file structure.cif (mmCIF, C-alpha atoms and all ligand atoms)
data_work
loop_
_atom_site.label_atom_id
_atom_site.label_comp_id
_atom_site.auth_asym_id
_atom_site.auth_seq_id
_atom_site.Cartn_x
_atom_site.Cartn_y
_atom_site.Cartn_z
CA MET A 678 38.75 -6.21 -39.94
CA THR A 679 35.65 -8.28 -39.18
CA TRP A 680 37.41 -10.43 -36.55
CA LYS A 681 38.12 -7.32 -34.52
CA ARG A 682 34.49 -6.37 -34.70
CA GLU A 683 33.53 -9.94 -33.62
CA ILE A 684 35.80 -9.75 -30.58
CA LEU A 685 34.42 -6.36 -29.68
CA LYS A 686 30.89 -7.71 -30.02
CA ALA A 687 31.72 -10.74 -27.86
CA LEU A 688 33.24 -8.50 -25.21
CA LEU A 689 30.22 -6.22 -25.25
CA TYR A 690 27.82 -9.16 -24.91
CA SER A 691 29.73 -10.68 -22.00
CA LEU A 692 29.78 -7.31 -20.29
CA LEU A 693 26.04 -6.97 -20.81
CA THR A 694 25.47 -10.49 -19.43
CA VAL A 695 27.50 -9.69 -16.33
CA VAL A 696 25.53 -6.48 -15.78
CA VAL A 697 22.18 -8.28 -16.23
CA VAL A 698 23.20 -11.07 -13.82
CA LEU A 699 24.35 -8.53 -11.23
CA LEU A 700 21.09 -6.60 -11.57
CA LEU A 701 19.10 -9.85 -11.19
CA ILE A 702 21.01 -10.79 -8.02
CA ARG A 703 20.45 -7.33 -6.63
CA GLY A 704 16.76 -7.40 -7.56
CA LEU A 705 16.31 -10.82 -5.95
CA GLY A 706 18.08 -9.49 -2.86
CA TYR A 707 15.58 -6.64 -2.57
CA LYS A 708 12.69 -9.06 -3.05
CA LEU A 709 13.89 -11.31 -0.25
CA GLY A 710 14.28 -8.35 2.07
CA PHE A 711 18.07 -8.15 2.10
CA ARG A 712 20.54 -6.60 -0.20
CA PRO A 713 24.05 -7.67 -1.02
CA ALA A 714 26.60 -6.68 1.60
CA ASP A 715 26.97 -2.96 1.48
CA VAL A 716 28.72 -1.04 4.19
CA HIS A 717 26.93 2.21 3.82
CA ARG A 718 28.30 5.00 5.94
CA THR A 719 25.76 7.74 6.23
CA SER A 720 26.38 11.37 6.85
CA PRO A 721 26.03 11.72 10.62
CA ILE A 722 24.46 14.81 12.04
CA GLY A 723 26.81 16.08 14.67
CA GLN A 724 29.77 15.30 16.85
CA VAL A 725 29.23 12.65 19.45
CA ASP A 726 29.40 14.00 22.98
CA PHE A 727 30.78 11.63 25.63
CA GLY A 728 30.06 14.01 28.56
CA ILE A 729 28.23 12.63 31.55
CA ASP A 730 26.66 15.64 33.26
CA GLY A 731 22.98 16.47 32.93
CA ALA A 732 21.49 13.02 32.37
CA ALA A 733 17.69 13.22 32.67
CA PRO A 734 16.80 11.49 35.95
CA ARG A 735 15.05 8.16 35.74
CA LEU A 736 11.53 8.02 37.10
CA LEU A 737 10.96 6.01 40.24
CA GLN A 738 8.64 3.04 39.79
CA ASP A 739 7.07 3.43 43.25
CA PHE A 740 3.51 2.21 42.86
CA ALA A 741 1.65 -0.29 45.02
CA ALA A 742 2.15 -3.83 43.77
CA ASP A 743 -1.50 -4.36 42.94
CA SER A 744 -2.20 -0.93 41.45
CA ARG A 745 -4.06 -0.65 38.18
CA PRO A 746 -3.73 2.38 35.88
CA ARG A 747 -6.67 4.58 35.03
CA ASN A 748 -5.10 5.69 31.74
CA ILE A 749 -2.77 4.07 29.21
CA ILE A 750 -0.54 5.96 26.78
CA PHE A 751 0.71 3.50 24.17
CA MET A 752 3.55 5.01 22.14
CA LEU A 753 4.63 3.30 18.95
CA ALA A 754 7.69 4.20 16.88
CA ASP A 755 7.34 2.26 13.66
CA GLY A 756 10.59 0.47 12.80
CA MET A 757 12.44 1.48 16.00
CA GLY A 758 15.08 -1.04 17.04
CA PRO A 759 17.67 -0.80 19.83
CA SER A 760 20.17 0.96 17.54
CA HIS A 761 17.65 3.68 16.72
CA ILE A 762 17.46 4.55 20.41
CA LEU A 763 21.22 4.58 20.88
CA ALA A 764 21.74 6.58 17.68
CA ALA A 765 19.18 9.17 18.80
CA ARG A 766 20.82 9.38 22.22
CA ALA A 767 24.31 9.85 20.73
CA GLU A 768 23.14 12.46 18.23
CA LEU A 769 20.64 14.38 20.34
CA VAL A 770 21.79 14.37 23.97
CA GLY A 771 25.19 12.68 24.16
CA LEU A 772 26.27 9.09 24.54
CA ASN A 773 26.24 9.07 28.36
CA ARG A 774 23.01 10.98 28.80
CA ARG A 775 19.44 9.82 28.50
CA LEU A 776 16.58 10.42 26.11
CA GLN A 777 13.22 11.39 27.58
CA MET A 778 11.85 7.91 26.86
CA GLU A 779 14.82 6.42 28.70
CA ARG A 780 13.50 7.99 31.92
CA MET A 781 11.13 5.01 31.98
CA PRO A 782 12.50 2.54 34.55
CA ILE A 783 10.90 -0.68 33.27
CA ALA A 784 12.56 -2.16 30.20
CA GLY A 785 12.04 -5.22 28.07
CA TRP A 786 12.38 -6.54 24.56
CA LEU A 787 9.88 -8.13 22.23
CA THR A 788 10.12 -10.85 19.63
CA THR A 789 8.18 -9.66 16.61
CA HIS A 790 7.64 -12.64 14.25
CA ALA A 791 4.34 -12.93 12.41
CA ARG A 792 2.07 -16.00 12.40
CA THR A 793 3.52 -17.42 9.21
CA SER A 794 6.99 -15.87 8.95
CA LEU A 795 9.90 -14.66 11.03
CA GLY A 796 9.86 -11.36 9.16
CA THR A 797 6.91 -9.12 9.81
CA ASP A 798 5.27 -5.85 8.81
CA SER A 799 3.33 -3.08 10.51
CA ALA A 800 0.02 -4.89 10.02
CA ALA A 801 1.00 -8.12 11.79
CA GLY A 802 3.17 -6.18 14.27
CA ALA A 803 0.45 -3.74 15.27
CA THR A 804 -2.16 -6.53 15.35
CA ALA A 805 -0.02 -8.40 17.89
CA LEU A 806 0.39 -5.26 20.02
CA ALA A 807 -3.28 -4.31 19.76
CA THR A 808 -4.97 -7.72 20.14
CA GLY A 809 -2.39 -10.11 21.62
CA ARG A 810 -2.72 -12.42 18.60
CA LYS A 811 -0.50 -13.20 15.63
CA VAL A 812 -1.67 -12.88 12.04
CA ARG A 813 0.21 -13.11 8.75
CA PRO A 814 1.83 -9.93 7.40
CA GLY A 815 -0.63 -7.62 5.65
CA ARG A 816 -3.66 -8.62 7.73
CA LEU A 817 -5.29 -6.39 10.35
CA SER A 818 -6.81 -7.89 13.52
CA LEU A 819 -8.68 -10.64 11.66
CA THR A 820 -7.87 -14.37 11.60
CA LYS A 821 -7.65 -16.32 8.33
CA ASN A 822 -11.05 -17.80 9.19
CA GLY A 823 -12.53 -14.32 9.46
CA VAL A 824 -12.67 -14.18 13.25
CA VAL A 825 -12.56 -10.60 14.51
CA LEU A 826 -9.73 -10.09 17.02
CA ARG A 827 -10.75 -7.77 19.80
CA SER A 828 -8.28 -4.93 20.49
CA LEU A 829 -7.27 -3.06 23.64
CA ALA A 830 -8.74 0.13 22.16
CA GLU A 831 -12.10 -1.54 21.47
CA GLU A 832 -12.24 -2.95 25.00
CA ALA A 833 -11.39 0.50 26.37
CA ILE A 834 -14.25 2.05 24.40
CA ALA A 835 -16.64 -0.69 25.52
CA ARG A 836 -15.78 0.16 29.13
CA GLY A 837 -16.48 3.85 28.76
CA MET A 838 -12.90 5.02 28.46
CA SER A 839 -11.99 7.74 25.96
CA VAL A 840 -9.81 6.57 23.09
CA GLY A 841 -7.48 8.72 21.03
CA LEU A 842 -5.39 7.71 18.01
CA ILE A 843 -2.63 10.00 16.76
CA THR A 844 -0.07 9.59 13.98
CA ASP A 845 2.29 11.86 12.08
CA SER A 846 1.33 9.88 8.98
CA TYR A 847 -1.84 8.30 7.56
CA LEU A 848 -4.65 7.50 9.97
CA GLU A 849 -5.84 4.57 7.86
CA ASP A 850 -2.41 2.93 7.70
CA ALA A 851 -1.74 -0.39 9.42
CA SER A 852 -0.34 0.83 12.77
CA LEU A 853 -3.48 2.60 13.99
CA GLY A 854 -5.76 0.52 11.78
CA ALA A 855 -4.98 -2.61 13.81
CA PHE A 856 -6.48 -1.00 16.93
CA VAL A 857 -9.91 -0.30 15.41
CA SER A 858 -10.40 -2.27 12.20
CA HIS A 859 -10.52 -5.85 10.96
CA VAL A 860 -9.60 -6.45 7.32
CA GLU A 861 -7.86 -9.09 5.23
CA SER A 862 -5.55 -6.57 3.63
CA ARG A 863 -4.05 -3.42 5.12
CA ARG A 864 -4.54 -1.84 1.68
CA GLU A 865 -8.32 -1.79 2.07
CA TYR A 866 -7.99 1.85 3.06
CA ALA A 867 -11.63 2.83 2.53
CA GLU A 868 -12.80 -0.06 4.71
CA VAL A 869 -10.22 0.70 7.42
CA THR A 870 -11.42 4.32 7.38
CA ARG A 871 -15.05 3.20 7.62
CA GLN A 872 -14.38 0.90 10.57
CA MET A 873 -12.23 3.54 12.26
CA ALA A 874 -15.06 6.07 11.96
CA ALA A 875 -17.49 3.50 13.40
CA SER A 876 -15.19 2.60 16.30
CA GLY A 877 -16.31 5.26 18.74
CA ALA A 878 -12.78 6.60 19.22
CA GLU A 879 -13.12 10.15 20.47
CA LEU A 880 -10.05 11.76 18.94
CA LEU A 881 -8.41 10.91 15.62
CA ILE A 882 -5.44 13.00 14.49
CA GLY A 883 -3.26 12.53 11.42
CA THR A 884 -3.55 12.82 7.69
CA LEU A 885 -5.52 10.80 5.15
CA ARG A 886 -4.13 8.94 2.17
CA GLY A 887 -4.69 10.42 -1.28
CA ASN A 888 -6.87 13.44 -1.68
CA PHE A 889 -8.93 14.45 1.25
CA VAL A 890 -9.34 17.89 -0.25
CA GLU A 891 -12.93 18.93 0.07
CA ASP A 892 -13.31 20.12 -3.51
CA SER A 893 -12.80 16.68 -5.02
CA GLU A 894 -15.61 14.15 -5.14
CA ALA A 895 -13.43 11.36 -3.74
CA GLY A 896 -12.24 13.68 -1.00
CA GLN A 897 -15.82 14.61 -0.08
CA ALA A 898 -16.79 10.94 0.18
CA HIS A 899 -13.74 10.19 2.30
CA LEU A 900 -14.51 13.00 4.72
CA ALA A 901 -18.20 12.10 4.77
CA THR A 902 -17.22 8.72 6.25
CA PHE A 903 -16.25 10.59 9.42
CA THR A 904 -18.91 13.31 9.44
CA ASP A 905 -21.67 10.71 8.84
CA ALA A 906 -20.37 8.83 11.88
CA GLY A 907 -20.79 11.95 14.02
CA TYR A 908 -17.28 13.37 13.89
CA SER A 909 -16.57 17.08 13.70
CA LEU A 910 -13.79 17.90 11.29
CA VAL A 911 -10.96 20.20 12.31
CA ARG A 912 -8.12 21.16 9.99
CA ASP A 913 -6.06 23.75 11.80
CA TRP A 914 -4.35 24.12 15.14
CA GLU A 915 -6.11 27.33 16.24
CA THR A 916 -9.57 25.80 15.87
CA LEU A 917 -8.41 22.64 17.59
CA GLU A 918 -6.94 24.52 20.54
CA GLN A 919 -10.01 26.71 21.01
CA ARG A 920 -12.53 23.93 20.60
CA GLN A 921 -13.92 23.11 24.04
CA THR A 922 -17.20 21.45 23.07
CA PRO A 923 -17.34 17.74 23.74
CA GLY A 924 -17.88 15.21 20.95
CA LYS A 925 -15.85 13.13 18.55
CA LEU A 926 -13.17 14.93 16.56
CA VAL A 927 -11.23 13.99 13.46
CA VAL A 928 -8.29 16.32 12.98
CA LEU A 929 -6.54 16.31 9.61
CA PHE A 930 -3.31 18.05 8.75
CA PRO A 931 -1.45 18.11 5.43
CA LYS A 932 1.04 15.30 4.84
CA ASP A 933 4.43 15.78 6.58
CA HIS A 934 3.07 18.61 8.73
CA ILE A 935 2.98 16.85 12.11
CA SER A 936 6.32 15.06 11.65
CA ASP A 937 8.12 18.40 11.38
CA ARG A 938 8.80 19.23 15.01
CA GLN A 939 9.53 22.88 14.20
CA ARG A 940 5.88 23.33 13.23
CA THR A 941 2.76 23.51 15.34
CA PRO A 942 1.28 21.10 16.00
CA ASN A 943 3.99 18.48 16.29
CA LEU A 944 3.78 15.18 18.16
CA ALA A 945 4.60 16.83 21.50
CA SER A 946 1.89 19.50 21.26
CA LEU A 947 -0.60 16.86 20.10
CA MET A 948 0.34 14.64 23.05
CA ASP A 949 -0.40 17.57 25.38
CA LEU A 950 -3.68 18.39 23.70
CA ALA A 951 -4.83 14.76 23.65
CA ILE A 952 -4.03 14.27 27.34
CA GLU A 953 -5.81 17.50 28.20
CA ARG A 954 -8.96 16.50 26.30
CA LEU A 955 -9.09 12.78 27.06
CA SER A 956 -8.30 13.08 30.77
CA ARG A 957 -11.63 14.85 31.31
CA ASN A 958 -13.24 11.42 31.29
CA PRO A 959 -13.31 10.14 34.90
CA GLY A 960 -13.43 6.62 33.43
CA GLY A 961 -9.91 7.05 32.05
CA PHE A 962 -8.40 7.07 28.57
CA PHE A 963 -6.44 4.93 26.16
CA LEU A 964 -4.21 6.91 23.81
CA VAL A 965 -2.10 5.51 20.96
CA LEU A 966 0.49 7.85 19.47
CA GLU A 967 2.56 6.68 16.52
CA THR A 968 5.45 8.05 14.51
CA GLU A 969 5.95 6.65 11.03
CA GLU A 970 9.14 8.63 10.48
CA THR A 971 11.44 5.98 12.01
CA ASP A 972 10.16 3.40 9.50
CA THR A 973 10.04 5.63 6.41
CA ALA A 974 13.48 7.13 7.04
CA SER A 975 15.04 3.73 7.82
CA HIS A 976 13.67 2.20 4.60
CA ARG A 977 15.40 5.03 2.77
CA HIS A 978 18.57 4.84 4.88
CA ASP A 979 18.06 8.49 5.69
CA PHE A 980 19.88 8.65 9.03
CA GLN A 981 19.28 12.34 9.60
CA ARG A 982 15.53 12.06 9.02
CA MET A 983 15.38 9.00 11.27
CA VAL A 984 17.05 10.92 14.12
CA ARG A 985 14.66 13.87 13.62
CA GLY A 986 11.76 11.42 13.80
CA MET A 987 13.13 10.00 17.03
CA GLU A 988 13.54 13.52 18.41
CA SER A 989 9.93 14.36 17.71
CA PHE A 990 8.72 11.06 19.22
CA ASP A 991 10.98 11.50 22.25
CA GLU A 992 9.68 14.99 22.91
CA ALA A 993 6.15 13.58 22.97
CA ALA A 994 7.35 10.85 25.36
CA GLY A 995 8.70 13.57 27.66
CA GLN A 996 5.28 15.27 27.75
CA ALA A 997 3.53 11.96 28.45
CA LEU A 998 5.97 11.11 31.26
CA ASP A 999 5.68 14.52 32.95
CA PHE A 1000 1.91 14.05 32.99
CA ALA A 1001 2.15 10.46 34.25
CA ARG A 1002 4.65 11.41 36.97
CA ASP A 1003 2.27 14.03 38.40
CA ASP A 1004 -0.94 12.10 37.74
CA ARG A 1005 0.27 8.76 39.16
CA GLN A 1006 -2.60 6.88 37.53
CA THR A 1007 -1.21 6.61 34.01
CA LEU A 1008 0.83 3.81 32.50
CA VAL A 1009 3.09 4.96 29.65
CA LEU A 1010 4.83 2.54 27.31
CA ALA A 1011 6.93 3.01 24.21
CA THR A 1012 7.76 0.23 21.80
CA ALA A 1013 7.85 -0.74 18.12
CA ASP A 1014 6.23 -3.16 15.69
CA HIS A 1015 9.56 -4.29 14.17
CA GLU A 1016 13.04 -3.03 13.37
CA THR A 1017 13.58 -1.36 10.00
CA GLY A 1018 16.86 -1.07 8.12
CA GLY A 1019 19.04 -3.38 10.21
CA LEU A 1020 20.74 -0.31 11.62
CA MET A 1021 24.11 -0.89 13.25
CA LEU A 1022 26.32 1.62 15.00
CA LEU A 1023 29.96 0.83 14.32
CA ASN A 1024 31.98 3.37 16.22
CA ALA A 1025 32.55 6.95 17.29
CA SER A 1026 35.13 8.74 19.39
CA PRO A 1027 34.66 11.81 21.60
CA GLY A 1028 33.99 14.81 19.40
CA GLY A 1029 33.96 12.57 16.32
CA LYS A 1030 31.12 11.44 14.15
CA LEU A 1031 29.09 8.24 14.26
CA ASP A 1032 29.93 5.47 11.83
CA VAL A 1033 26.74 3.63 10.99
CA THR A 1034 25.69 0.86 8.63
CA TRP A 1035 22.30 -0.10 7.30
CA GLY A 1036 21.99 -3.84 6.74
CA VAL A 1037 18.78 -4.06 4.68
CA ASP A 1038 16.17 -1.94 2.95
CA GLY A 1039 13.29 -3.75 4.64
CA HIS A 1040 12.52 -5.04 8.13
CA VAL A 1041 14.66 -7.40 10.18
CA ALA A 1042 13.63 -9.85 12.90
CA LEU A 1043 15.61 -8.09 15.61
CA PRO A 1044 13.84 -7.92 18.99
CA VAL A 1045 12.48 -4.43 19.58
CA PRO A 1046 12.84 -2.45 22.82
CA LEU A 1047 10.00 -1.73 25.20
CA LEU A 1048 10.09 0.94 27.92
CA ALA A 1049 7.37 1.50 30.49
CA TYR A 1050 6.46 3.53 33.56
CA GLY A 1051 3.43 3.81 35.80
CA PRO A 1052 1.09 1.68 37.89
CA GLY A 1053 1.31 -1.95 36.73
CA ALA A 1054 4.22 -1.30 34.36
CA GLU A 1055 6.23 -4.13 35.98
CA VAL A 1056 4.19 -6.67 34.01
CA LEU A 1057 5.83 -5.40 30.82
CA GLY A 1058 9.45 -5.91 31.90
CA GLY A 1059 11.84 -8.53 30.57
CA GLY A 1060 11.87 -10.51 27.37
CA GLN A 1061 8.53 -11.45 25.89
CA ASP A 1062 6.67 -11.93 22.66
CA ASN A 1063 4.89 -8.92 21.14
CA THR A 1064 1.54 -10.66 21.71
CA GLU A 1065 2.16 -10.76 25.46
CA VAL A 1066 2.09 -6.97 25.77
CA ALA A 1067 -1.61 -6.77 24.89
CA GLN A 1068 -2.37 -9.90 26.93
CA ARG A 1069 -0.68 -8.46 30.02
CA LEU A 1070 -2.24 -5.03 29.61
CA ALA A 1071 -5.65 -6.68 29.18
CA ALA A 1072 -5.16 -8.74 32.35
CA LEU A 1073 -4.08 -5.59 34.21
CA MET A 1074 -7.11 -3.61 33.03
CA GLY A 1075 -9.66 -6.43 33.27
CA PHE A 1076 -10.20 -6.34 29.49
CA ASP A 1077 -11.50 -9.41 27.68
CA LEU A 1078 -9.60 -9.82 24.40
CA GLN A 1079 -11.09 -13.28 23.86
CA ARG A 1080 -14.48 -11.80 23.29
CA THR A 1081 -15.34 -12.26 19.62
CA GLY A 1082 -17.36 -9.75 17.73
CA GLU A 1083 -18.81 -8.71 14.42
CA ILE A 1084 -17.25 -6.20 12.07
CA ARG A 1085 -18.89 -2.88 12.75
ZN ZN B 1 8.30 -0.57 7.06
#

call {"tool": "encode", "arguments": {"input": "structure.cif", "output": "structure tokens", "more": "lines below"}}
Ligand SMILES: [Zn+2]
result
Amino acid sequence: MTWKREILKALLYSLLTVVVVLLLIRGLGYKLGFRPADVHRTSPIGQVDFGIDGAAPRLLQDFAADSRPRNIIFMLADGMGPSHILAARAELVGLNRRLQMERMPIAGWLTTHARTSLGTDSAAGATALATGRKVRPGRLSLTKNGVVLRSLAEEAIARGMSVGLITDSYLEDASLGAFVSHVESRREYAEVTRQMAASGAELLIGTLRGNFVEDSEAGQAHLATFTDAGYSLVRDWETLEQRQTPGKLVVLFPKDHISDRQRTPNLASLMDLAIERLSRNPGGFFLVLETEETDTASHRHDFQRMVRGMESFDEAAGQALDFARDDRQTLVLATADHETGGLMLLNASPGGKLDVTWGVDGHVALPVPLLAYGPGAEVLGGGQDNTEVAQRLAALMGFDLQRTGEIR
């Protein structure tokens, strides 16, 4: 019966070869940033409401043509494309209503390509938004010849404004890092932390990568970077709320604490607190608030988590806009570094659920939305490149982004 065994063996080998080839194709697909066609219907959260009553009113862009803001609130949702906004609207408030961020009357879209590739990452994306210059993916606000690219936040600090950086993820990650550090690789976390601590930013809120627990030696060294630079360390909401003394603060919460909007603080309460503290400076403030949830959840095709991330971000946008509406000297903008997941909304009917598809596991070169409100916000409308946002904000504020500098 050996011939039967031979046939069985041959069949087994061909099956194995097919499996290996399929795995290789799939692996290559991941490496190139796409994966083989896969219509992936996620579990939607709720029933889509088509009602039209109760849309949040849009803010009126009624500022003098030549007005210049005193404060800027720069909101960044990592990985947020146009579909993320529509999905959040459909799931959270109803298809014909409006998210808080959609109260902003000025709208535009940004091309996001990096210096050397159409695809980009948070390092090149945030560098473009922070400095008005393109770098290759992975690099933070530094040219390939080692020239330091000046950021909006650094110019704000140089002009006596108060700067705050907030994230629901790691402080030393690329998105905030691009505003205050200059490194060849976004993975130089210790160096990003060092430059961030030396930046002069008044308020830093987020978590730190790895162990920042005080009882470990590495954790002690990490925290000392901030305390040596004159920062007071705060690790709970009560202390933070009660703290009225001036001076630089670094506020650290456990991982995944801030992104949970049911907990205190969440992005909305931190937006309130930051505005309250930073607006004491008569010279104005520059605040960057980032959510990483939209990117993380979209990489994982976790639709529900993505919508929760958008909800948390949108709530913070609502707080910022209420302040800006009353204050009338604050420009608020919300945008993204790139789209993540290639999210597409296929269909839904009244009372039904959303059909959605994720196209890729990585980032796609889809233009990202930009929304803005406040004095001078008109300059951000329409289609533009991501580098033009920083250039236009700099022109509006009288900042000089061409100024070169040394690494602190
Ligand atoms: Zn990403």

call {"tool": "atom_distance", "arguments": {"input": "structure.cif", "atom1": "atom CA of A:Glu861", "atom2": "atom CA of A:Ser936"}}
result
28.7 Å

call {"tool": "atom_distance", "arguments": {"input": "structure.cif", "atom1": "atom CA of A:Gln1079", "atom2": "atom CA of A:Glu1055"}}
result
23.0 Å

call {"tool": "residues_near_ligand", "arguments": {"input": "structure.cif", "ligand": "ligand ZN 1 (chain B)", "cutoff": "8 Å", "atoms": "only C-alpha atoms and all ligand atoms", "output": "PyMOL selection string"}}
result
chain A and resi 755-756+798-799+972-973+976+1017+1039-1040

call {"tool": "closest_residue", "arguments": {"input": "structure.cif", "among": "A:Ala800, A:Leu787, A:Leu689, A:Ile935", "to": "A:Gly854", "atoms": "all atoms listed in the file"}}
result
A:Ala800

call {"tool": "closest_atom_pairs", "arguments": {"input": "structure.cif", "of": "stretch 800-858 of chain A", "to": "stretch 740-753 of chain A", "cutoff": "9 Å", "atoms": "only C-alpha atoms", "output": "Markdown table"}}
result
| residue | atom | partner | partner_atom | distance |
| --- | --- | --- | --- | --- |
| A:Ala803 | CA | A:Leu753 | CA | 9.0 |
| A:Met838 | CA | A:Asn748 | CA | 8.5 |
| A:Ser852 | CA | A:Leu753 | CA | 8.3 |

call {"tool": "atom_distance", "arguments": {"input": "structure.cif", "atom1": "atom CA of A:Glu918", "atom2": "atom CA of A:Arg871"}}
result
26.2 Å

call {"tool": "residues_around", "arguments": {"input": "structure.cif", "residues": "A:Arg886", "least_positions_apart": "4", "cutoff": "10 Å", "atoms": "only C-alpha atoms", "output": "ChimeraX atom specification"}}
result
/A:846-850,866-867,896,899,932

call {"tool": "closest_residue", "arguments": {"input": "structure.cif", "among": "A:Leu699, A:Val869, A:Ala901, A:Leu737", "to": "A:Leu998", "atoms": "only C-alpha atoms"}}
result
A:Leu737

call {"tool": "residues_around", "arguments": {"input": "structure.cif", "residues": "A:Asp1003", "least_positions_apart": "5", "cutoff": "12 Å", "atoms": "all atoms listed in the file", "output": "PDB file with C-alpha atoms, keeping the file's coordinate frame"}}
result
ATOM      1  CA  LEU A 736      11.530   8.020  37.100  1.00  0.00           C
ATOM      2  CA  LEU A 737      10.960   6.010  40.240  1.00  0.00           C
ATOM      3  CA  GLN A 996       5.280  15.270  27.750  1.00  0.00           C
ATOM      4  CA  ALA A 997       3.530  11.960  28.450  1.00  0.00           C
ATOM      5  CA  LEU A 998       5.970  11.110  31.260  1.00  0.00           C
ATOM      6  CA  LEU A1008       0.830   3.810  32.500  1.00  0.00           C
ATOM      7  CA  GLY A1051       3.430   3.810  35.800  1.00  0.00           C
TER       8      GLY A1051
END

call {"tool": "closest_residue", "arguments": {"input": "structure.cif", "among": "A:Gly771, A:Gly1028, A:Pro782, A:Gly728", "to": "A:Gly1058", "atoms": "all atoms listed in the file"}}
result
A:Pro782

call {"tool": "residues_near_point", "arguments": {"input": "structure.cif", "point": "(-4.0, -3.3, 16.5)", "cutoff": "6 Å", "atoms": "all atoms listed in the file", "output": "MDAnalysis selection string"}}
result
chainID A and resid 803:804 806:808 855:856

call {"tool": "residues_around", "arguments": {"input": "structure.cif", "residues": "stretch 773-778 of chain A", "least_positions_apart": "2", "cutoff": "9 Å", "atoms": "all atoms listed in the file", "output": "ChimeraX atom specification"}}
result
/A:726-735,762,765-767,769-771,780-781,988,990-996,998,1010-1011,1048-1049

call {"tool": "closest_residue", "arguments": {"input": "structure.cif", "among": "A:Arg938, A:Arg863, A:His978, A:His1015", "to": "A:Ala791", "atoms": "only C-alpha atoms"}}
result
A:His1015

call {"tool": "closest_residue", "arguments": {"input": "structure.cif", "among": "A:Gly877, A:Gly1075, A:Gly785, A:Gly1036", "to": "A:Tyr1050", "atoms": "all atoms listed in the file"}}
result
A:Gly785

call {"tool": "closest_residue", "arguments": {"input": "structure.cif", "among": "A:Ile684, A:Leu880, A:Ala1071, A:Leu700", "to": "A:Phe962", "atoms": "only C-alpha atoms"}}
result
A:Leu880

call {"tool": "decode", "arguments": {"input": "structure.cif", "residues": "stretch 985-1018 of chain A", "atoms": "C-alpha atoms", "output": "CSV table (one decimal), in the first residue's frame"}}
result
chain,number,residue,atom,x,y,z
A,985,ARG,CA,-15.6,55.8,22.3
A,986,GLY,CA,-12.3,57.6,21.5
A,987,MET,CA,-14.1,60.0,19.2
A,988,GLU,CA,-16.7,60.6,21.9
A,989,SER,CA,-14.1,61.5,24.4
A,990,PHE,CA,-12.3,63.8,22.0
A,991,ASP,CA,-15.5,65.4,20.9
A,992,GLU,CA,-16.5,66.1,24.4
A,993,ALA,CA,-13.2,67.9,24.9
A,994,ALA,CA,-13.9,69.8,21.7
A,995,GLY,CA,-17.3,70.9,23.1
A,996,GLN,CA,-15.5,72.4,26.2
A,997,ALA,CA,-12.9,74.2,24.1
A,998,LEU,CA,-15.6,75.7,21.8
A,999,ASP,CA,-17.8,76.9,24.7
A,1000,PHE,CA,-14.8,78.7,26.1
A,1001,ALA,CA,-13.8,80.1,22.7
A,1002,ARG,CA,-17.3,81.3,22.0
A,1003,ASP,CA,-17.4,83.3,25.2
A,1004,ASP,CA,-13.8,84.4,25.2
A,1005,ARG,CA,-13.7,85.5,21.5
A,1006,GLN,CA,-9.9,85.6,21.5
A,1007,THR,CA,-9.3,81.9,21.0
A,1008,LEU,CA,-8.8,79.9,17.8
A,1009,VAL,CA,-9.8,76.3,18.1
A,1010,LEU,CA,-8.9,73.7,15.4
A,1011,ALA,CA,-9.3,70.0,15.2
A,1012,THR,CA,-7.5,67.8,12.7
A,1013,ALA,CA,-5.4,64.6,12.3
A,1014,ASP,CA,-2.0,63.5,11.3
A,1015,HIS,CA,-3.2,60.8,8.9
A,1016,GLU,CA,-6.1,58.3,8.4
A,1017,THR,CA,-5.8,54.9,10.0
A,1018,GLY,CA,-7.6,51.8,8.9
